[in-house]
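This report refers to the structure that appears directly beneath it.
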Amino acid sequence: NGATVHAFEPNPRSFAKLTEAVRDFPEVVCHNAAVLDRAGRMNLYLHLNYDRNPDRFSEGSTLMAGKRNADEDRAVEVEVVDLVSFILGLDRRVNLLKVDIEGAEYDLLEGLIERGAIDRCDKVFVETHANSIPELMPRDAALRDRIARMGLGGKIDLNWI
C-alpha cells in the first residue's frame with residue numbers, strides 16, 4: 001500500500017533467506033546489519049544450537065554476550081547501523097517500528113527517546129529480553145517507568161512477542 005519497509009538482519013544466513021523471500025517486493029529494502037543507537041562493528045553471538053539447525057536457531061543470534069542461549073565462543077563480526085540517525089534522516093515518519101534485537105533493545109529505545117527520534121515514530125512494538133538476560137531486569141523496569149512517566153505508553157508497546 002505504498003509503504004517502504006526497511007528490514008535489518010545481521011545474521012548472514014538469515015539475511016540471505018530474507019533477501020530471497022522478498023526479492024519480488026521492491027518496496028522492501030534489506031540491510032545486512034544489526035541496529036543500535038550507535039554505528040560500528042560488533043560481535044553477533046550465535047545461538048548455542050546454531051550448528052544443529054542454523055535456519056531455526058539463527059533468530060536467537062544476539063549482540064549481547066550474556067544472553068542465556070548465546071554461544072560466547074561462537075560469533076561473527078557484523079556491521080551495526082545507528083538506527084536513531086537512520087530514522088532522523090528519513091524524509092517521512094515511521095508508521096511502525098518492530099524491534100526484536102535479543103537484548104539490545106534497551107540501548108536502542110533509550111537512544112530513540114533521548115535523541116528525539118521517538119517523535120518521528122507512530123507505533124513501536126518491542127520484544128524485550130530481560131527474562132533471558134536477567135541482568136537487564138533493572139533496565140527493563142527503569143525503561144517501563146520512563147515510558148509511563150513520559151506518556152509514551154500508547155506509542156511504545158514493550159509486550160510484543
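To be explicit about the labels: the chains of the C-alpha cells are called A, B, and onward in the order shown, and within each one the residues are counted from 1, while ligands get numbers from 1 in the order they are shown.
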(message) Neighbouring residues of region 30-36 of chain A were defined as those with any atom within 9 Å, considering only C-alpha atoms; residues of the same chain fewer than 5 positions away were excluded. Please report them as a ChimeraX atom specification.
(response) /A:5-12,15-16,18-19,22,41-42,44,63,78-84,101,104-105,107-109,111
(request) Could you find all residues in chain A that DSSP calls strand (DSSP E) from the backbone, and write them as a PyMOL selection string? (result) chain A and resi 5-8+28-31+34-36+40-47+70-82+94-99+121-126+156-157
(request) Between A:Val126, A:Phe86, A:Arg146, A:Leu152, single out the one closest to Asp37 (chain A), counting only C-alpha atoms. (result) A:Phe86
(message) Report as a count of residues only all protein, DNA and RNA residues lying within 10 Å of region 53-55 of chain A, evaluated on only C-alpha atoms, omitting residues in the same chain fewer than 3 positions from it.
(response) 9
(request) Do a neighbour search on region 128-140 of chain A at 12 Å with only C-alpha atoms, toss out local chain neighbours closer than 2 positions, and write the hits as JSON, numbers by chain. (result) {"A": [60, 62, 63, 64, 65, 66, 67, 68, 69, 70, 98, 99, 100, 101, 102, 103, 104, 105, 106, 107, 108, 109, 110, 125, 126, 142, 143, 144, 145, 146, 147, 156, 157, 158, 159, 160, 161]}
Write a file of the just-selected residues containing C-alpha atoms, as a PDB file, in the first residue's frame.
```
ATOM      1  CA  GLY A  60      18.476 -16.276  18.520  1.00  0.00           C
ATOM      2  CA  THR A  62      22.472 -11.542  19.672  1.00  0.00           C
ATOM      3  CA  LEU A  63      24.876  -8.685  20.255  1.00  0.00           C
ATOM      4  CA  MET A  64      24.615  -9.462  23.981  1.00  0.00           C
ATOM      5  CA  ALA A  65      27.238 -11.967  25.122  1.00  0.00           C
ATOM      6  CA  GLY A  66      25.412 -12.607  28.410  1.00  0.00           C
ATOM      7  CA  LYS A  67      22.235 -13.988  26.863  1.00  0.00           C
ATOM      8  CA  ARG A  68      21.482 -17.472  28.215  1.00  0.00           C
ATOM      9  CA  ASN A  69      21.266 -19.205  24.838  1.00  0.00           C
ATOM     10  CA  ALA A  70      24.180 -17.357  23.197  1.00  0.00           C
ATOM     11  CA  LYS A  98       9.147  -3.511  15.225  1.00  0.00           C
ATOM     12  CA  VAL A  99      12.161  -4.223  17.409  1.00  0.00           C
ATOM     13  CA  ASP A 100      13.383  -7.713  18.288  1.00  0.00           C
ATOM     14  CA  ILE A 101      17.118  -7.420  18.827  1.00  0.00           C
ATOM     15  CA  GLU A 102      17.740 -10.017  21.501  1.00  0.00           C
ATOM     16  CA  GLY A 103      18.646  -7.855  24.494  1.00  0.00           C
ATOM     17  CA  ALA A 104      19.989  -4.767  22.750  1.00  0.00           C
ATOM     18  CA  GLU A 105      16.547  -3.133  22.667  1.00  0.00           C
ATOM     19  CA  TYR A 106      17.216  -1.114  25.822  1.00  0.00           C
ATOM     20  CA  ASP A 107      20.144   0.811  24.302  1.00  0.00           C
ATOM     21  CA  LEU A 108      18.117   1.432  21.155  1.00  0.00           C
ATOM     22  CA  LEU A 109      14.966   2.608  22.933  1.00  0.00           C
ATOM     23  CA  GLU A 110      16.890   4.874  25.272  1.00  0.00           C
ATOM     24  CA  PHE A 125       6.420  -2.777  19.141  1.00  0.00           C
ATOM     25  CA  VAL A 126       9.291  -4.299  21.123  1.00  0.00           C
ATOM     26  CA  ALA A 142      13.514   1.740  34.601  1.00  0.00           C
ATOM     27  CA  LEU A 143      12.567   1.959  30.909  1.00  0.00           C
ATOM     28  CA  ARG A 144       8.967   0.925  31.597  1.00  0.00           C
ATOM     29  CA  ASP A 145       8.789   3.595  34.304  1.00  0.00           C
ATOM     30  CA  ARG A 146      10.286   6.223  31.992  1.00  0.00           C
ATOM     31  CA  ILE A 147       7.833   5.365  29.203  1.00  0.00           C
ATOM     32  CA  ILE A 156       5.678   2.090  22.724  1.00  0.00           C
ATOM     33  CA  ASP A 157       4.459  -1.459  23.393  1.00  0.00           C
ATOM     34  CA  LEU A 158       7.104  -3.468  25.277  1.00  0.00           C
ATOM     35  CA  ASN A 159       4.994  -6.633  25.380  1.00  0.00           C
ATOM     36  CA  TRP A 160       5.240  -7.742  21.764  1.00  0.00           C
ATOM     37  CA  ILE A 161       6.027 -11.437  21.389  1.00  0.00           C
TER      38      ILE A 161
END
```
(request) Could you check which of A:Arg115, A:Thr4, A:Ala39, A:Glu27 is closest to Leu96 (chain A), using only C-alpha atoms? (result)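 Of A:Arg115, A:Thr4, A:Ala39, A:Glu27, the one nearest Leu96 (chain A), counting only C-alpha atoms, is A:Thr4.
Of the listed residues A:Cys121, A:Arg74, A:Glu127, A:Glu114, the one whose atoms come nearest to Asn95 (chain A) is A:Cys121, with distances taken using only C-alpha atoms.
Between CA of Arg93 (chain A) and CA of Arg120 (chain A) the interatomic distance comes to 5.1 Å.
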